[in-house]
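Participant: To start, I am sharing the structure in question, which I have written as structure tokens.
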There are 2 protein chains.
Amino acid sequence: MAEMKVTPWEVTGEVDYDKLRRDFGLDRIDQPLLDRMKKHTGELHYLLRRGIFYAHRDLGWLLDEYEKGNKFFLYTGRGPSGNTHLGHLIPWTFTKWLQDKFKTELWFQITDDEKFLFKDGMSLEDSHSYAIENALDIIALGFDPKRTKIFIDTDYSKTMYPHAVRVAKHITFSTAKAVFGFTNETNIGSIFYTSMQAVPAFLPSVLAKRNIPCLIPLAVDQDPHFRVARDVMPKLGYYKPAIMHSKFMPGLGPGGKMSASDPNSTIYTTDTPDVVKAKIQRAFTGQQPTRELQKKLGGNPDICSICQFYRFFFEQDDKKLEKIFESERDGSLLAGEHKADLTERANKFLAEHQKKREKARSQLDKFLLRD
Amino acid sequence: MAEMKVTPWEVTGEVDYDKLRRDFGLDRIDQPLLDRMKKHTGELHYLLRRGIFYAHRDLGWLLDEYEKGNKFFLYTGRGPSGNTHLGHLIPWTFTKWLQDKFKTELWFQITDDEKFLFKDGMSLEDSHSYAIENALDIIALGFDPKRTKIFIDTDYSKTMYPHAVRVAKHITFSTAKAVFGFTNETNIGSIFYTSMQAVPAFLPSVLAKRNIPCLIPLAVDQDPHFRVARDVMPKLGYYKPAIMHSKFMPGLGPGGKMSASDPNSTIYTTDTPDVVKAKIQRAFTGQQPTRELQKKLGGNPDICSICQFYRFFFEQDDKKLEKIFESERDGSLLAGEHKADLTERANKFLAEHQKKREKARSQLDKFLLRD
């Protein structure tokens, strides 16, 4: 297996989440912290129960402030490099749960500038049109329109750019190079970009003219941006944002992160039932080479992509999930049936989601901030 | 004398304009080109006759296009690091003359982001408020309101930022480092900034949806920005801008460029008559140590700051200028009288300018582009 490499733009090799947590300097979301969350939310989201949101920065501080009556806002984002896939929905559905439980504002950034700057061959028109398409998926998840602001960087740059330069003045090339691995050949837009991603962490405080705590749920690869931002924000007079980090949803292939660069192992929210069926048919289960051997020896749910799809997304009931895992382990559930079940479940979800997604077109104006 | 160093943010040492022209790879504005200009303008501006606008890029091409009916627009700018001084007015009055003669649009950029990013201790609020003050001086010069658009970067960043990232994607840190002398300690906003300065050179083409030639009159220290921009613009499908380069107006001290970092040798457009009088009183003339010696040996107009003030700004009639120079050379004009004359002339100009400047406050909305 290739050596692990995790940056906001590239994840390769097998991810050792515990090593990553230590490398990035994150704290574990441990049982006392989970218990404390539960006091406020009544129940725990399945992504917390299963350790998929597994690390944090300053979550304890955020809850201290909350308990003192100093309510936070949520900030998360999307880099619109293509269509939305199921892996993207993980931090978003978790964010929605937080919004519902804590009744908070959510600022949702869509970074068309970033994807244009970092991807060869991507035009700004393309990344902007993906941004709109991605916004439909966000809205389809049912965020509260009164509490949710979605903004595409280039449509909101009159508001954002002046604050981004305030951030940028405090970040040297040296720092950007060390944190993001930039070289002399990196373009100057990419070098600047992290300043734009920092802005939503304090923009609500600017607009409200008072300091509001911020909680950022994100996939762990995005942490480096906020490691830098957290150093800068006190210099501008704002709180450091708190962060909750999730693991990556695996794809349908063996190992790794669901990734747009391998479309066959990725399920997009816009895939048709036939396409979903075909992709799941080819999925990696790690089952034994024959039915007989599988029945005798059983499989391993930890490496079976079908099991992991249930764990990350399609089965939120822990008991039902354990039953699926058990039938994989004991060899009673063969690959064909396993895949057919997931196909049905996935297509049911997608039919519903796609309906909401189309309805969302007429709601864009209600959600999108534009200068 | 210290070694010459000329960057958009620092000019030190004695400037050898011919060496600078060769180092930057500029062409001389020679007699055939002047004759060609004259065909269109009827007369030549004193800054051209006196070789103060002395170098160019692609001016011949620009006139070719003009003669084919492909009219250009003008673009110049101001970095609002403080109040406007007389040296700033040099390229602006020349730009106004070009606008009058060629009846062209002018796009006037005021770079509050730049001055904030490059100056320690300068806040964005400060550079923005200098930007407004500087705009008053620009308007006071009498630019045609129908053909002139003035814009402050942070007020116009919804329009500019998306185009700036288009530019930025084509510039590596390596290039920025080589051209501007950046180091690992340079902040990432400063590194990005040149992209913002490139935008107005093609923005009118974007908005008109057709390619329009651009002419940029500027002080020669700004050339590096456009050396980079000229490499990028054909990659975006636009013409390379043509450029005309001026020398720096000297200050009231011996040698050098009028500079805000030496306020006593700098005359601001907002200086009161008393302040102007006091500053000119202390000016360097290079005259002989006594009246008697001056009368006998005479002085040197080339190093006399008073003579140079007439040459750059206050005496546009060549014959009258020659008379002043001659009386300096032959020792007939002593420093006291010389300074009193200039004080009178400067205060007359400033009284008039300050009146127009105050009137300009009510015209800001007519000139300023805001998103």
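In the structure tokens, chains take the letters A, B, ... in the order shown, each chain's residues start at 1, and ligands count up from 1 in the order shown.
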Which residues of stretch 113-227 of chain A sit at most 8 Å from stretch 149-162 of chain B, using only C-alpha atoms? Give each one's shortest atom pair and distance in Å (one decimal place), in chain and ascending residue order, as a tab-separated table.
Facilitator:
residue	atom	partner	partner_atom	distance
A:Asp113	CA	B:Pro162	CA	7.3
A:Thr154	CA	B:Pro162	CA	5.7
A:Asp155	CA	B:Lys158	CA	6.6
A:Tyr156	CA	B:Lys158	CA	6.5
A:Ser157	CA	B:Lys158	CA	4.7
A:Lys158	CA	B:Lys158	CA	4.3
A:Thr159	CA	B:Lys158	CA	7.9
A:Tyr161	CA	B:Ser157	CA	6.6
A:Pro162	CA	B:Thr154	CA	5.7
Participant: Which residues are close to B:Thr93, i.e. within 12 Å by only C-alpha atoms, leaving aside same-chain residues fewer than 6 positions away? Reply as a list in words.
Facilitator: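 Those residues are His45, Tyr46, Leu47, Phe53, Thr76, Leu86, Gly87, Gln99, Asp100, Asp137, Ile138, Ile139, Ala140, Leu141, Gly142, Phe143, Pro217, Leu218, Ser246, Phe312, Phe313 and Gln316 of chain B.
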Participant: Save out the residues we just selected, C-alpha atoms, as a tab-separated table (two decimals), in the first residue's frame.
Facilitator:
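Dumped everything to out-v2.tsv:
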chain	number	residue	atom	x	y	z
B	45	HIS	CA	2.00	67.02	-24.48
B	46	TYR	CA	4.87	68.71	-22.62
B	47	LEU	CA	5.66	65.42	-20.83
B	53	PHE	CA	7.16	59.89	-20.73
B	76	THR	CA	-4.14	53.78	-15.03
B	86	LEU	CA	2.24	66.38	-7.13
B	87	GLY	CA	4.30	63.44	-8.38
B	99	GLN	CA	-8.45	60.90	-23.07
B	100	ASP	CA	-9.18	64.37	-24.44
B	137	ASP	CA	-7.85	64.50	-6.72
B	138	ILE	CA	-8.47	62.37	-9.77
B	139	ILE	CA	-11.90	63.86	-10.37
B	140	ALA	CA	-10.55	67.38	-9.74
B	141	LEU	CA	-8.28	67.00	-12.76
B	142	GLY	CA	-11.36	67.19	-14.97
B	143	PHE	CA	-11.69	63.72	-16.45
B	217	PRO	CA	0.23	55.27	-18.90
B	218	LEU	CA	2.17	54.72	-15.68
B	246	SER	CA	7.13	58.05	-17.19
B	312	PHE	CA	7.70	68.42	-14.53
B	313	PHE	CA	4.64	70.37	-13.65
B	316	GLN	CA	4.28	73.74	-19.59
Participant: Name the residues of stretch 20-84 of chain B that fall into alpha helix (DSSP H) according to DSSP on the backbone, using the chain letters and numbers of this document, as an mmCIF file with C-alpha atoms, in the first residue's frame.
Facilitator:
data_model
loop_
_atom_site.group_PDB
_atom_site.id
_atom_site.type_symbol
_atom_site.label_atom_id
_atom_site.label_comp_id
_atom_site.auth_asym_id
_atom_site.auth_seq_id
_atom_site.Cartn_x
_atom_site.Cartn_y
_atom_site.Cartn_z
ATOM 1 C CA LEU B 20 16.061 50.701 -16.285
ATOM 2 C CA ARG B 21 14.534 50.753 -19.769
ATOM 3 C CA ARG B 22 17.020 48.134 -20.924
ATOM 4 C CA ASP B 23 16.652 46.034 -17.759
ATOM 5 C CA PHE B 24 12.862 46.025 -18.083
ATOM 6 C CA GLN B 31 11.092 60.852 -32.717
ATOM 7 C CA PRO B 32 9.262 58.797 -35.389
ATOM 8 C CA LEU B 33 6.813 57.580 -32.732
ATOM 9 C CA LEU B 34 6.352 61.126 -31.427
ATOM 10 C CA ASP B 35 5.678 62.326 -34.971
ATOM 11 C CA ARG B 36 3.137 59.571 -35.370
ATOM 12 C CA MET B 37 1.377 60.564 -32.121
ATOM 13 C CA LYS B 38 1.368 64.184 -33.270
ATOM 14 C CA LYS B 39 -0.526 63.266 -36.438
ATOM 15 C CA HIS B 40 -3.415 62.258 -34.203
ATOM 16 C CA THR B 41 -3.143 64.763 -31.374
ATOM 17 C CA TYR B 46 4.868 68.709 -22.624
ATOM 18 C CA LEU B 47 5.656 65.424 -20.832
ATOM 19 C CA LEU B 48 6.304 63.849 -24.239
ATOM 20 C CA ARG B 49 8.248 66.833 -25.590
ATOM 21 C CA LEU B 59 2.758 51.777 -28.659
ATOM 22 C CA GLY B 60 3.332 51.311 -32.404
ATOM 23 C CA TRP B 61 0.941 48.361 -32.448
ATOM 24 C CA LEU B 62 -1.638 50.397 -30.517
ATOM 25 C CA LEU B 63 -1.473 53.197 -33.099
ATOM 26 C CA ASP B 64 -1.702 50.637 -35.931
ATOM 27 C CA GLU B 65 -4.932 49.360 -34.399
ATOM 28 C CA TYR B 66 -6.201 52.878 -33.819
ATOM 29 C CA GLU B 67 -5.536 53.764 -37.429
#
Participant: Tell me, in Å to one decimal, how far atom CA of B:Lys366 is from atom CA of B:Gly77.
Facilitator: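 Value for the atom CA of B:Lys366-atom CA of B:Gly77 distance: 17.9 Å.
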Participant: Residues of chain A within 9 Å of chain B, counting only C-alpha atoms - could you list those as an mmCIF file with C-alpha atoms, in the first residue's frame?
Facilitator:
data_model
loop_
_atom_site.group_PDB
_atom_site.id
_atom_site.type_symbol
_atom_site.label_atom_id
_atom_site.label_comp_id
_atom_site.auth_asym_id
_atom_site.auth_seq_id
_atom_site.Cartn_x
_atom_site.Cartn_y
_atom_site.Cartn_z
ATOM 1 C CA ASP A 113 -12.527 29.578 -7.113
ATOM 2 C CA PHE A 116 -10.810 26.224 -10.713
ATOM 3 C CA LEU A 117 -7.401 27.138 -9.296
ATOM 4 C CA PHE A 118 -6.339 23.653 -8.242
ATOM 5 C CA SER A 123 -12.795 26.361 -16.200
ATOM 6 C CA LEU A 124 -14.368 28.814 -13.761
ATOM 7 C CA ASP A 153 -17.175 32.306 -3.575
ATOM 8 C CA THR A 154 -17.176 34.203 -6.893
ATOM 9 C CA ASP A 155 -20.786 35.340 -6.362
ATOM 10 C CA TYR A 156 -20.003 36.590 -2.883
ATOM 11 C CA SER A 157 -16.529 37.965 -3.383
ATOM 12 C CA LYS A 158 -17.368 41.603 -2.730
ATOM 13 C CA THR A 159 -18.171 40.547 0.824
ATOM 14 C CA MET A 160 -15.437 37.936 1.126
ATOM 15 C CA TYR A 161 -12.379 39.315 -0.679
ATOM 16 C CA PRO A 162 -11.722 42.260 1.699
ATOM 17 C CA ALA A 164 -9.668 37.354 2.805
ATOM 18 C CA VAL A 165 -6.902 39.949 2.353
ATOM 19 C CA ARG A 166 -7.102 40.655 6.095
ATOM 20 C CA VAL A 167 -6.388 36.976 6.700
ATOM 21 C CA ALA A 168 -3.763 36.776 3.951
ATOM 22 C CA LYS A 169 -1.655 39.558 5.459
ATOM 23 C CA HIS A 170 -0.961 37.222 8.416
ATOM 24 C CA ILE A 171 0.107 34.159 6.383
ATOM 25 C CA THR A 172 3.563 33.908 4.848
ATOM 26 C CA PHE A 173 4.449 31.757 1.841
ATOM 27 C CA SER A 174 6.637 29.807 4.235
ATOM 28 C CA THR A 175 3.610 28.784 6.305
ATOM 29 C CA ALA A 176 1.465 27.950 3.268
ATOM 30 C CA LYS A 177 4.309 25.892 1.860
ATOM 31 C CA THR A 183 6.244 24.536 -4.383
ATOM 32 C CA ASN A 184 7.672 27.311 -6.535
ATOM 33 C CA GLU A 185 5.500 25.975 -9.368
ATOM 34 C CA THR A 186 2.218 26.431 -7.462
ATOM 35 C CA ASN A 187 0.094 29.180 -8.971
ATOM 36 C CA ILE A 188 -0.382 32.362 -6.943
ATOM 37 C CA GLY A 189 -4.157 31.947 -6.799
ATOM 38 C CA SER A 190 -3.817 28.556 -5.137
ATOM 39 C CA ILE A 191 -1.334 30.059 -2.690
ATOM 40 C CA PHE A 192 -3.810 32.806 -1.739
ATOM 41 C CA TYR A 193 -6.871 30.559 -1.675
ATOM 42 C CA SER A 195 -7.570 32.978 2.975
ATOM 43 C CA ASP A 371 -23.466 40.369 -3.342
#
Participant: At a cut-off of 8 Å, using only C-alpha atoms, what residues contact A:Gly251? Leave out same-chain residues fewer than 6 positions from it and give the result as a list of chain:residue names.
Facilitator: A:Lys257, A:Met258, A:Ser259, A:Ser265, A:Thr266, A:Ser305
Participant: Since we have the selection now, will you write its residues out, keeping C-alpha atoms, as a compact mmCIF listing (two decimals), in the first residue's frame?
Facilitator:
# COMPACT_ATOMS: atom_id res chain seq x y z
CA LYS A 257 -11.93 7.14 -0.04
CA MET A 258 -14.94 7.54 -2.32
CA SER A 259 -13.45 9.65 -5.03
CA SER A 265 -16.68 3.02 -7.43
CA THR A 266 -18.54 6.23 -6.65
CA SER A 305 -17.64 -2.09 0.63
Participant: If we count only C-alpha atoms, what is near B:Gly336 at a cut-off of 10 Å, once residues fewer than 6 positions away on the same chain are taken out, given as an MDAnalysis selection string?
Facilitator: chainID B and resid 280:281 291
Participant: Residues of the last selection are to be written out with N, CA and C atoms, as a PDB file, in the first residue's frame.
Facilitator:
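Once written, part13.pdb looks like this:
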ATOM      1  N   ILE B 280       8.990  74.782   0.314  1.00  0.00           N
ATOM      2  CA  ILE B 280       9.785  75.289  -0.823  1.00  0.00           C
ATOM      3  C   ILE B 280      10.975  76.104  -0.304  1.00  0.00           C
ATOM      4  N   GLN B 281      10.738  76.826   0.788  1.00  0.00           N
ATOM      5  CA  GLN B 281      11.837  77.587   1.403  1.00  0.00           C
ATOM      6  C   GLN B 281      13.048  76.689   1.694  1.00  0.00           C
ATOM      7  N   ARG B 291      25.456  84.577  -2.592  1.00  0.00           N
ATOM      8  CA  ARG B 291      24.840  85.327  -3.702  1.00  0.00           C
ATOM      9  C   ARG B 291      25.898  85.692  -4.722  1.00  0.00           C
TER      10      ARG B 291
END
Participant: Which residues are close to A:Gly255, i.e. within 10 Å by only C-alpha atoms, leaving aside same-chain residues fewer than 4 positions away? Reply as a compact mmCIF listing (two decimals) with C-alpha atoms, in the first residue's frame.
Facilitator:
# COMPACT_ATOMS: atom_id res chain seq x y z
CA GLY A 13 -2.57 5.43 0.39
CA GLU A 14 -4.36 3.70 3.25
CA VAL A 15 -5.48 6.29 5.76
CA MET A 249 -16.70 7.20 3.22
CA PRO A 250 -15.04 4.39 1.27
CA GLY A 251 -15.90 3.74 -2.37
CA PHE A 284 -15.71 -5.25 -3.88
CA ASP A 302 -14.59 -4.24 7.73
CA ILE A 303 -13.30 -4.62 4.18
CA CYS A 304 -16.64 -5.30 2.44
CA SER A 305 -17.64 -2.09 0.63
Participant: Of the candidates A:Arg147, A:His85, A:Lys279, A:Arg57, which shows the shortest atom-to-atom distance to A:Glu133, using only C-alpha atoms?
Facilitator: A:His85
Participant: As a list in words, please: the residues near B:Pro200 (cut-off 9 Å, only C-alpha atoms, same-chain neighbours under 2 positions excluded).
Facilitator: Tyr75, Thr76, Trp107, Phe108, Gln109, Met160, Met196, Gln197, Ala198, Phe202, Leu203 and Pro204 of chain B
Participant: Write a file of the selected residues as an mmCIF file, in the first residue's frame, keeping N, CA and C atoms.
Facilitator:
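Resulting contents of selection14.cif:
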data_model
loop_
_atom_site.group_PDB
_atom_site.id
_atom_site.type_symbol
_atom_site.label_atom_id
_atom_site.label_comp_id
_atom_site.auth_asym_id
_atom_site.auth_seq_id
_atom_site.Cartn_x
_atom_site.Cartn_y
_atom_site.Cartn_z
ATOM 1 N N TYR B 75 -6.087 52.810 -19.183
ATOM 2 C CA TYR B 75 -6.144 52.241 -17.827
ATOM 3 C C TYR B 75 -4.960 52.800 -17.062
ATOM 4 N N THR B 76 -5.235 53.427 -15.921
ATOM 5 C CA THR B 76 -4.140 53.781 -15.026
ATOM 6 C C THR B 76 -4.616 53.570 -13.592
ATOM 7 N N TRP B 107 -10.303 53.666 -17.428
ATOM 8 C CA TRP B 107 -10.572 52.836 -16.249
ATOM 9 C C TRP B 107 -9.477 53.134 -15.227
ATOM 10 N N PHE B 108 -9.886 53.661 -14.086
ATOM 11 C CA PHE B 108 -8.925 54.138 -13.085
ATOM 12 C C PHE B 108 -9.052 53.279 -11.821
ATOM 13 N N GLN B 109 -8.035 52.451 -11.590
ATOM 14 C CA GLN B 109 -8.066 51.520 -10.459
ATOM 15 C C GLN B 109 -7.412 52.138 -9.221
ATOM 16 N N MET B 160 -14.118 41.970 -9.949
ATOM 17 C CA MET B 160 -12.702 41.754 -10.241
ATOM 18 C C MET B 160 -12.146 40.398 -9.800
ATOM 19 N N MET B 196 -4.814 41.086 -9.341
ATOM 20 C CA MET B 196 -5.851 42.123 -9.269
ATOM 21 C C MET B 196 -5.464 43.316 -10.147
ATOM 22 N N GLN B 197 -4.164 43.625 -10.187
ATOM 23 C CA GLN B 197 -3.732 44.765 -10.998
ATOM 24 C C GLN B 197 -3.816 44.447 -12.491
ATOM 25 N N ALA B 198 -3.803 43.180 -12.840
ATOM 26 C CA ALA B 198 -3.900 42.801 -14.259
ATOM 27 C C ALA B 198 -5.320 42.951 -14.810
ATOM 28 N N PHE B 202 -8.003 43.980 -19.132
ATOM 29 C CA PHE B 202 -8.897 43.266 -20.063
ATOM 30 C C PHE B 202 -10.369 43.285 -19.659
ATOM 31 N N LEU B 203 -10.665 43.832 -18.468
ATOM 32 C CA LEU B 203 -12.058 43.844 -18.007
ATOM 33 C C LEU B 203 -13.006 44.533 -18.997
ATOM 34 N N PRO B 204 -12.623 45.698 -19.561
ATOM 35 C CA PRO B 204 -13.532 46.311 -20.545
ATOM 36 C C PRO B 204 -13.806 45.391 -21.738
#
Participant: Measure the distance from atom CA of B:Leu297 to atom CA of B:Glu322 in Å and round it to one decimal.
Facilitator: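 These two atoms are separated by 18.3 Å.
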Participant: Can you list, as a list in words, every protein, DNA or RNA residue that comes within 10 Å of B:Thr272 when you count only C-alpha atoms, leaving out same-chain residues fewer than 2 positions away?
Facilitator: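 That gives Ile267, Tyr268, Thr269, Thr270, Asp274, Val275, Val276, Lys277, Asn347, Leu350, Ala351 and Gln354 of chain B.
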Participant: Go ahead and compute the interatomic distance for atom CA of A:Ile216 and atom CA of A:Leu236, in Å to one decimal.
Facilitator: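 Atom CA of A:Ile216 sits 18.7 Å away from atom CA of A:Leu236.
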Participant: Find the residue from A:Arg230, A:His338, A:Arg329, A:Lys295 that sits nearest to A:Tyr310; use only C-alpha atoms when measuring.
Facilitator: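 Smallest distance to A:Tyr310 is found for A:His338.
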Participant: Please return as a VMD selection string: the residues of stretch 193-268 of chain A that backbone DSSP assigns to strand (DSSP E).
Facilitator: chain A and resid 214 to 219 242 to 246
Participant: Take the selection from the previous step and output its residues with N, CA and C atoms, as a PDB file, in the first residue's frame.
Facilitator:
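That gives us selection_20.pdb:
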ATOM      1  N   CYS A 214     -17.787  29.480  16.456  1.00  0.00           N
ATOM      2  CA  CYS A 214     -18.022  28.804  15.186  1.00  0.00           C
ATOM      3  C   CYS A 214     -17.659  27.328  15.319  1.00  0.00           C
ATOM      4  N   LEU A 215     -18.505  26.450  14.784  1.00  0.00           N
ATOM      5  CA  LEU A 215     -18.200  25.012  14.750  1.00  0.00           C
ATOM      6  C   LEU A 215     -18.191  24.550  13.298  1.00  0.00           C
ATOM      7  N   ILE A 216     -17.094  23.913  12.914  1.00  0.00           N
ATOM      8  CA  ILE A 216     -16.923  23.469  11.531  1.00  0.00           C
ATOM      9  C   ILE A 216     -16.889  21.943  11.478  1.00  0.00           C
ATOM     10  N   PRO A 217     -17.964  21.306  11.009  1.00  0.00           N
ATOM     11  CA  PRO A 217     -17.888  19.863  10.756  1.00  0.00           C
ATOM     12  C   PRO A 217     -17.295  19.673   9.358  1.00  0.00           C
ATOM     13  N   LEU A 218     -16.299  18.808   9.230  1.00  0.00           N
ATOM     14  CA  LEU A 218     -15.662  18.635   7.929  1.00  0.00           C
ATOM     15  C   LEU A 218     -15.024  17.254   7.821  1.00  0.00           C
ATOM     16  N   ALA A 219     -14.683  16.860   6.608  1.00  0.00           N
ATOM     17  CA  ALA A 219     -13.882  15.651   6.439  1.00  0.00           C
ATOM     18  C   ALA A 219     -12.446  16.033   6.799  1.00  0.00           C
ATOM     19  N   ALA A 242     -14.063  26.031  16.442  1.00  0.00           N
ATOM     20  CA  ALA A 242     -13.990  24.621  16.837  1.00  0.00           C
ATOM     21  C   ALA A 242     -14.260  23.770  15.601  1.00  0.00           C
ATOM     22  N   ILE A 243     -13.720  22.547  15.606  1.00  0.00           N
ATOM     23  CA  ILE A 243     -13.829  21.698  14.421  1.00  0.00           C
ATOM     24  C   ILE A 243     -14.186  20.281  14.837  1.00  0.00           C
ATOM     25  N   MET A 244     -15.011  19.613  14.032  1.00  0.00           N
ATOM     26  CA  MET A 244     -15.242  18.170  14.197  1.00  0.00           C
ATOM     27  C   MET A 244     -14.872  17.488  12.884  1.00  0.00           C
ATOM     28  N   HIS A 245     -14.080  16.421  12.995  1.00  0.00           N
ATOM     29  CA  HIS A 245     -13.474  15.795  11.808  1.00  0.00           C
ATOM     30  C   HIS A 245     -14.070  14.420  11.547  1.00  0.00           C
ATOM     31  N   SER A 246     -14.458  14.171  10.303  1.00  0.00           N
ATOM     32  CA  SER A 246     -14.968  12.839   9.959  1.00  0.00           C
ATOM     33  C   SER A 246     -13.950  12.062   9.141  1.00  0.00           C
TER      34      SER A 246
END
